[in-house]
$ cat run34.txt   # compact mmCIF, C-alpha atoms
# COMPACT_ATOMS: atom_id res chain seq x y z
CA MET Y 162 76.00 13.37 174.55
CA MET Y 163 77.49 16.46 172.93
CA GLU Y 164 76.93 19.72 174.71
CA GLN Y 165 74.32 21.83 172.95
CA TYR Y 166 75.31 25.40 172.17
CA VAL Y 167 72.89 28.23 171.52
CA VAL Y 168 73.49 31.49 169.67
CA ILE Y 169 72.92 34.36 172.09
CA GLY Y 170 73.96 37.12 169.73
CA LYS Y 171 76.63 38.51 167.50
CA ILE Y 172 79.68 40.75 167.89
CA ILE Y 173 78.71 43.92 166.04
CA ALA Y 174 81.50 46.39 166.85
CA THR Y 175 84.72 47.09 168.64
CA PHE Y 176 84.70 49.84 171.23
CA GLY Y 177 87.38 52.03 172.77
CA VAL Y 178 91.12 51.39 172.67
CA LYS Y 179 91.34 48.27 174.86
CA GLY Y 180 89.83 45.79 172.41
CA GLU Y 181 86.37 45.87 173.94
CA LEU Y 182 83.63 44.22 171.89
CA ILE Y 183 79.95 45.00 171.63
CA ILE Y 184 77.64 41.98 171.50
CA GLN Y 185 74.11 42.46 170.28
CA HIS Y 186 72.20 39.77 172.18
CA HIS Y 187 68.72 38.35 172.72
CA LEU Y 188 68.95 37.29 176.35
CA GLY Y 189 66.41 39.91 177.44
CA GLU Y 190 66.93 43.23 179.18
CA ASP Y 191 67.44 41.92 182.71
CA VAL Y 192 70.17 39.50 181.65
CA ASP Y 193 72.61 38.48 184.37
CA ALA Y 194 75.63 39.46 182.26
CA GLU Y 195 78.19 39.40 185.08
CA ALA Y 196 77.54 35.68 185.54
CA ILE Y 197 78.85 34.89 182.04
CA LYS Y 198 82.45 33.74 182.47
CA ILE Y 199 83.14 32.04 179.12
CA ILE Y 200 81.70 32.66 175.67
CA PHE Y 201 82.11 30.42 172.65
CA ILE Y 202 82.86 31.52 169.11
CA GLU Y 203 82.30 29.03 166.31
CA GLU Y 204 85.44 28.46 164.26
CA LYS Y 205 85.82 26.71 160.91
CA GLY Y 206 84.63 23.13 160.91
CA GLY Y 207 81.92 23.73 163.49
CA LYS Y 208 84.29 23.70 166.47
CA PHE Y 209 83.42 25.98 169.35
CA MET Y 210 86.39 27.86 170.81
CA PRO Y 211 86.02 29.04 174.40
CA HIS Y 212 87.06 32.60 175.21
CA PHE Y 213 87.41 33.70 178.81
CA VAL Y 214 85.51 36.83 179.77
CA ALA Y 215 87.69 39.42 181.52
CA SER Y 216 84.76 41.79 181.92
CA ILE Y 217 81.20 42.00 180.67
CA LYS Y 218 78.41 44.44 181.38
CA SER Y 219 75.12 45.55 179.95
CA ARG Y 220 75.40 48.55 177.66
CA LYS Y 221 71.83 48.87 176.31
CA GLU Y 222 68.90 46.52 176.74
CA ASP Y 223 70.13 44.36 173.84
CA GLU Y 224 73.88 45.03 173.99
CA LEU Y 225 76.73 43.86 176.19
CA LEU Y 226 80.17 45.39 176.44
CA LEU Y 227 82.70 42.56 176.57
CA ILE Y 228 86.42 42.24 177.17
CA ILE Y 229 87.89 38.84 176.29
CA GLU Y 230 91.14 37.76 177.94
CA GLY Y 231 94.02 38.23 175.51
CA VAL Y 232 92.12 40.70 173.33
CA ASP Y 233 93.55 44.05 174.38
CA THR Y 234 93.68 46.13 171.20
CA PRO Y 235 91.04 47.19 168.65
CA GLU Y 236 93.04 45.28 166.00
CA LYS Y 237 92.71 42.00 167.91
CA GLY Y 238 89.05 42.77 168.53
CA LYS Y 239 88.35 43.28 164.81
CA SER Y 240 88.97 39.59 164.11
CA PHE Y 241 85.80 38.84 166.12
CA LEU Y 242 83.53 41.21 164.20
CA ARG Y 243 80.29 39.70 162.84
CA LYS Y 244 80.99 36.40 164.60
CA GLN Y 245 78.15 34.75 166.46
CA VAL Y 246 78.46 34.30 170.20
CA TRP Y 247 77.35 30.99 171.70
CA LEU Y 248 76.77 29.70 175.21
CA PRO Y 249 76.03 26.17 176.39
CA GLU Y 250 72.26 25.71 176.49
CA ASN Y 251 72.16 25.13 180.26
CA GLU Y 252 73.95 28.47 180.83
CA VAL Y 253 71.55 30.35 178.58
CA LYS Y 254 68.72 29.18 180.82
CA LEU Y 255 70.61 30.53 183.85
CA HIS Y 256 71.50 33.95 182.44
CA ALA Y 257 68.58 34.83 180.19
CA SER Y 258 65.79 37.02 181.41
CA LYS Y 259 62.82 34.80 182.32
CA ASN Y 260 60.58 36.62 179.86
CA SER Y 261 62.99 36.55 176.93
CA PRO Y 262 62.10 34.06 174.19
CA ILE Y 263 65.43 32.24 174.53
CA ALA Y 264 64.36 31.20 178.05
CA LEU Y 265 61.91 28.78 176.37
CA LEU Y 266 64.74 26.42 175.38
CA GLY Y 267 64.06 22.89 176.57
CA PHE Y 268 60.37 23.57 177.24
CA THR Y 269 57.95 20.93 175.95
CA VAL Y 270 55.50 22.07 173.28
CA PHE Y 271 51.93 20.77 173.17
CA ASP Y 272 49.46 21.30 170.31
CA LYS Y 273 46.23 21.27 172.29
CA LYS Y 274 46.81 18.00 174.19
CA VAL Y 275 49.33 16.36 171.81
CA GLU Y 276 52.98 16.50 172.92
CA LEU Y 277 55.10 17.71 170.01
CA GLY Y 278 58.54 17.67 171.67
CA LYS Y 279 61.18 19.82 173.31
CA VAL Y 280 62.28 23.25 172.07
CA LEU Y 281 65.74 22.84 170.52
CA GLU Y 282 66.13 26.39 169.22
CA VAL Y 283 64.32 29.72 169.47
CA ILE Y 284 64.37 31.83 166.31
CA GLU Y 285 63.23 35.41 166.75
CA GLN Y 286 61.54 37.00 163.75
CA PRO Y 287 59.91 40.42 163.43
CA MET Y 288 56.28 39.27 163.79
CA GLN Y 289 56.67 35.97 165.63
CA ILE Y 290 59.00 33.50 167.26
CA LEU Y 291 59.71 30.13 165.67
CA LEU Y 292 60.45 27.19 167.93
CA ARG Y 293 62.52 24.40 166.38
CA VAL Y 294 61.16 21.18 167.84
CA ASP Y 295 62.03 17.52 167.34
CA TYR Y 296 58.65 15.93 166.58
CA LYS Y 297 58.79 12.13 166.15
CA GLY Y 298 62.28 12.37 164.68
CA ASN Y 299 61.36 15.22 162.32
CA GLU Y 300 62.51 18.80 162.72
CA ILE Y 301 59.46 21.06 162.77
CA PHE Y 302 59.07 24.80 163.25
CA VAL Y 303 56.27 25.91 165.54
CA PRO Y 304 55.22 29.54 165.12
CA LEU Y 305 54.56 31.40 168.36
CA ASN Y 306 52.35 34.41 167.81
CA GLU Y 307 49.03 35.86 168.98
CA SER Y 308 46.99 33.37 166.98
CA THR Y 309 48.89 30.19 167.99
CA LEU Y 310 49.99 30.72 171.60
CA ILE Y 311 47.57 29.56 174.29
CA LYS Y 312 49.75 29.47 177.40
CA ILE Y 313 53.34 29.29 178.64
CA ASP Y 314 53.80 27.55 181.98
CA HIS Y 315 57.27 28.53 183.22
CA LYS Y 316 57.06 26.33 186.33
CA LYS Y 317 56.28 23.14 184.39
CA GLU Y 318 58.30 24.27 181.32
CA LYS Y 319 55.34 23.70 179.01
CA ILE Y 320 54.15 25.71 176.02
CA ASN Y 321 50.58 25.16 174.84
CA VAL Y 322 49.77 26.16 171.28
CA GLU Y 323 46.94 25.68 168.83
CA LEU Y 324 48.52 25.15 165.43
CA PRO Y 325 46.74 25.89 162.15
CA ALA Y 326 45.10 22.80 160.64
CA GLY Y 327 47.51 20.94 158.40
CA LEU Y 328 50.70 22.57 159.66
CA LEU Y 329 52.13 19.35 161.09
CA ASP Y 330 51.23 17.47 157.88
CA ILE Y 331 53.81 19.59 156.03
CA TYR Y 332 56.57 17.95 158.07
CA ILE Y 333 55.33 14.35 158.18
CA ASN Y 334 55.51 12.38 154.93
$ encode --input "run34.txt" --output "structure tokens"
Amino acid sequence: MMEQYVVIGKIIATFGVKGELIIQHHLGEDVDAEAIKIIFIEEKGGKFMPHFVASIKSRKEDELLLIIEGVDTPEKGKSFLRKQVWLPENEVKLHASKNSPIALLGFTVFDKKVELGKVLEVIEQPMQILLRVDYKGNEIFVPLNESTLIKIDHKKEKINVELPAGLLDIYIN
């Protein structure tokens, strides 16, 4: 099975004179940044290139200051601007803050009592979170907001929702 990678953020700026990069991330404010040893940047053709982290630390609640091995000038750093930063899914679960949406990866979603499937991706939007779920071989998007969310059980990795009538019918032919 191919390793699943998850977008944790994007490189938004270079910083200083040593090629430091600023990552805007959605791992939550109490992210364990120092534990991240390798990041992945998607190259052409969907290949993920590993980059070794020389140093990484929280800068603001949604920003990390990163030094990648071999990137030691602002010019080298500029080639990474606007690129998305990826981590293997299992690492995201380790480093993300428990109450950040991305920590819901791999949880099983239930609509009332019906199992819909596992969360494959967490998409943060201004008014809600969308969970991409594999439901009976179809990709569906489950909105998480005040009106749909019933309960999140972190211990059992379950998310209980009550979806609007007809929502699932959109995805099933």
$ residues_around --input "run34.txt" --residues "stretch 224-226 of chain Y" --least-positions-apart "6" --cutoff "7 Å" --atoms "only C-alpha atoms" --output "list of chain:residue names"
Y:Glu181, Y:Leu182, Y:Ile183, Y:Ile184, Y:Gln185, Y:His186, Y:Ile217, Y:Lys218
$ residues_near_point --input "run34.txt" --point "(52.7, 17.1, 171.4)" --cutoff "12 Å" --atoms "only C-alpha atoms" --output "JSON, numbers by chain"
{"Y": [268, 269, 270, 271, 272, 273, 274, 275, 276, 277, 278, 279, 280, 294, 295, 296, 297, 301, 303, 319, 320, 321, 322, 323, 324, 329]}
$ residues_around --input "run34.txt" --residues "Y:Trp247" --least-positions-apart "6" --cutoff "8 Å" --atoms "all atoms listed in the file" --output "list in words"
Tyr166, Val167, Val168, Ile169, Gly170, Ile200, Phe201, Ile202 and Glu203 of chain Y
$ write_last_selection --input "run34.txt" --atoms "C-alpha atoms" --output "compact mmCIF listing (two decimals), keeping the file's coordinate frame"
# COMPACT_ATOMS: atom_id res chain seq x y z
CA TYR Y 166 75.31 25.40 172.17
CA VAL Y 167 72.89 28.23 171.52
CA VAL Y 168 73.49 31.49 169.67
CA ILE Y 169 72.92 34.36 172.09
CA GLY Y 170 73.96 37.12 169.73
CA ILE Y 200 81.70 32.66 175.67
CA PHE Y 201 82.11 30.42 172.65
CA ILE Y 202 82.86 31.52 169.11
CA GLU Y 203 82.30 29.03 166.31
$ atom_distance --input "run34.txt" --atom1 "atom CA of Y:Ser258" --atom2 "atom CA of Y:Asp193"
7.6 Å
$ closest_residue --input "run34.txt" --among "Y:Glu236, Y:Glu250, Y:Glu282, Y:Asp191" --to "Y:Val178" --atoms "only C-alpha atoms"
Y:Glu236
$ atom_distance --input "run34.txt" --atom1 "atom CA of Y:Lys244" --atom2 "atom CA of Y:Leu227"
13.6 Å
$ closest_residue --input "run34.txt" --among "Y:Glu204, Y:Glu190, Y:Asp233, Y:Asp314" --to "Y:Arg220" --atoms "only C-alpha atoms"
Y:Glu190
$ closest_residue --input "run34.txt" --among "Y:Val214, Y:Ile229, Y:Leu266, Y:Leu248" --to "Y:Glu318" --atoms "only C-alpha atoms"
Y:Leu266
$ atom_distance --input "run34.txt" --atom1 "atom CA of Y:Ile284" --atom2 "atom CA of Y:Ile263"
8.3 Å
$ closest_residue --input "run34.txt" --among "Y:His256, Y:Arg243, Y:Lys316, Y:Lys237" --to "Y:Lys179" --atoms "all atoms listed in the file"
Y:Lys237
$ closest_residue --input "run34.txt" --among "Y:Ile228, Y:Ala326, Y:Ile290, Y:Ile197" --to "Y:Gly177" --atoms "only C-alpha atoms"
Y:Ile228
$ closest_residue --input "run34.txt" --among "Y:Ser216, Y:Gln289, Y:Gln165, Y:Gln245" --to "Y:Val232" --atoms "all atoms listed in the file"
Y:Ser216
$ axis_aligned_box --input "run34.txt" --around "stretch 207-215 of chain Y" --padding-each-side "5 Å" --output "AutoDock Vina command-line options"
--center_x 84.8 --center_y 31.6 --center_z 172.5 --size_x 15.8 --size_y 25.7 --size_z 28.0
$ decode --input "run34.txt" --residues "stretch 198-218 of chain Y" --atoms "C-alpha atoms" --output "compact mmCIF listing (two decimals), in the first residue's frame"
# COMPACT_ATOMS: atom_id res chain seq x y z
CA LYS Y 198 12.27 15.60 11.18
CA ILE Y 199 11.36 15.34 7.48
CA ILE Y 200 8.86 17.26 5.38
CA PHE Y 201 7.73 16.37 1.89
CA ILE Y 202 7.27 18.76 -1.02
CA GLU Y 203 5.29 17.56 -4.02
CA GLU Y 204 7.29 17.81 -7.23
CA LYS Y 205 6.10 17.49 -10.82
CA GLY Y 206 4.40 14.21 -11.59
CA GLY Y 207 3.00 13.78 -8.09
CA LYS Y 208 6.27 12.57 -6.57
CA PHE Y 209 6.94 13.56 -2.99
CA MET Y 210 10.51 14.69 -2.32
CA PRO Y 211 11.72 14.39 1.27
CA HIS Y 212 13.56 17.33 2.78
CA PHE Y 213 15.42 16.94 6.05
CA VAL Y 214 14.57 19.47 8.73
CA ALA Y 215 17.65 21.15 10.23
CA SER Y 216 15.53 23.21 12.60
CA ILE Y 217 11.85 23.92 13.08
CA LYS Y 218 9.98 25.92 15.68
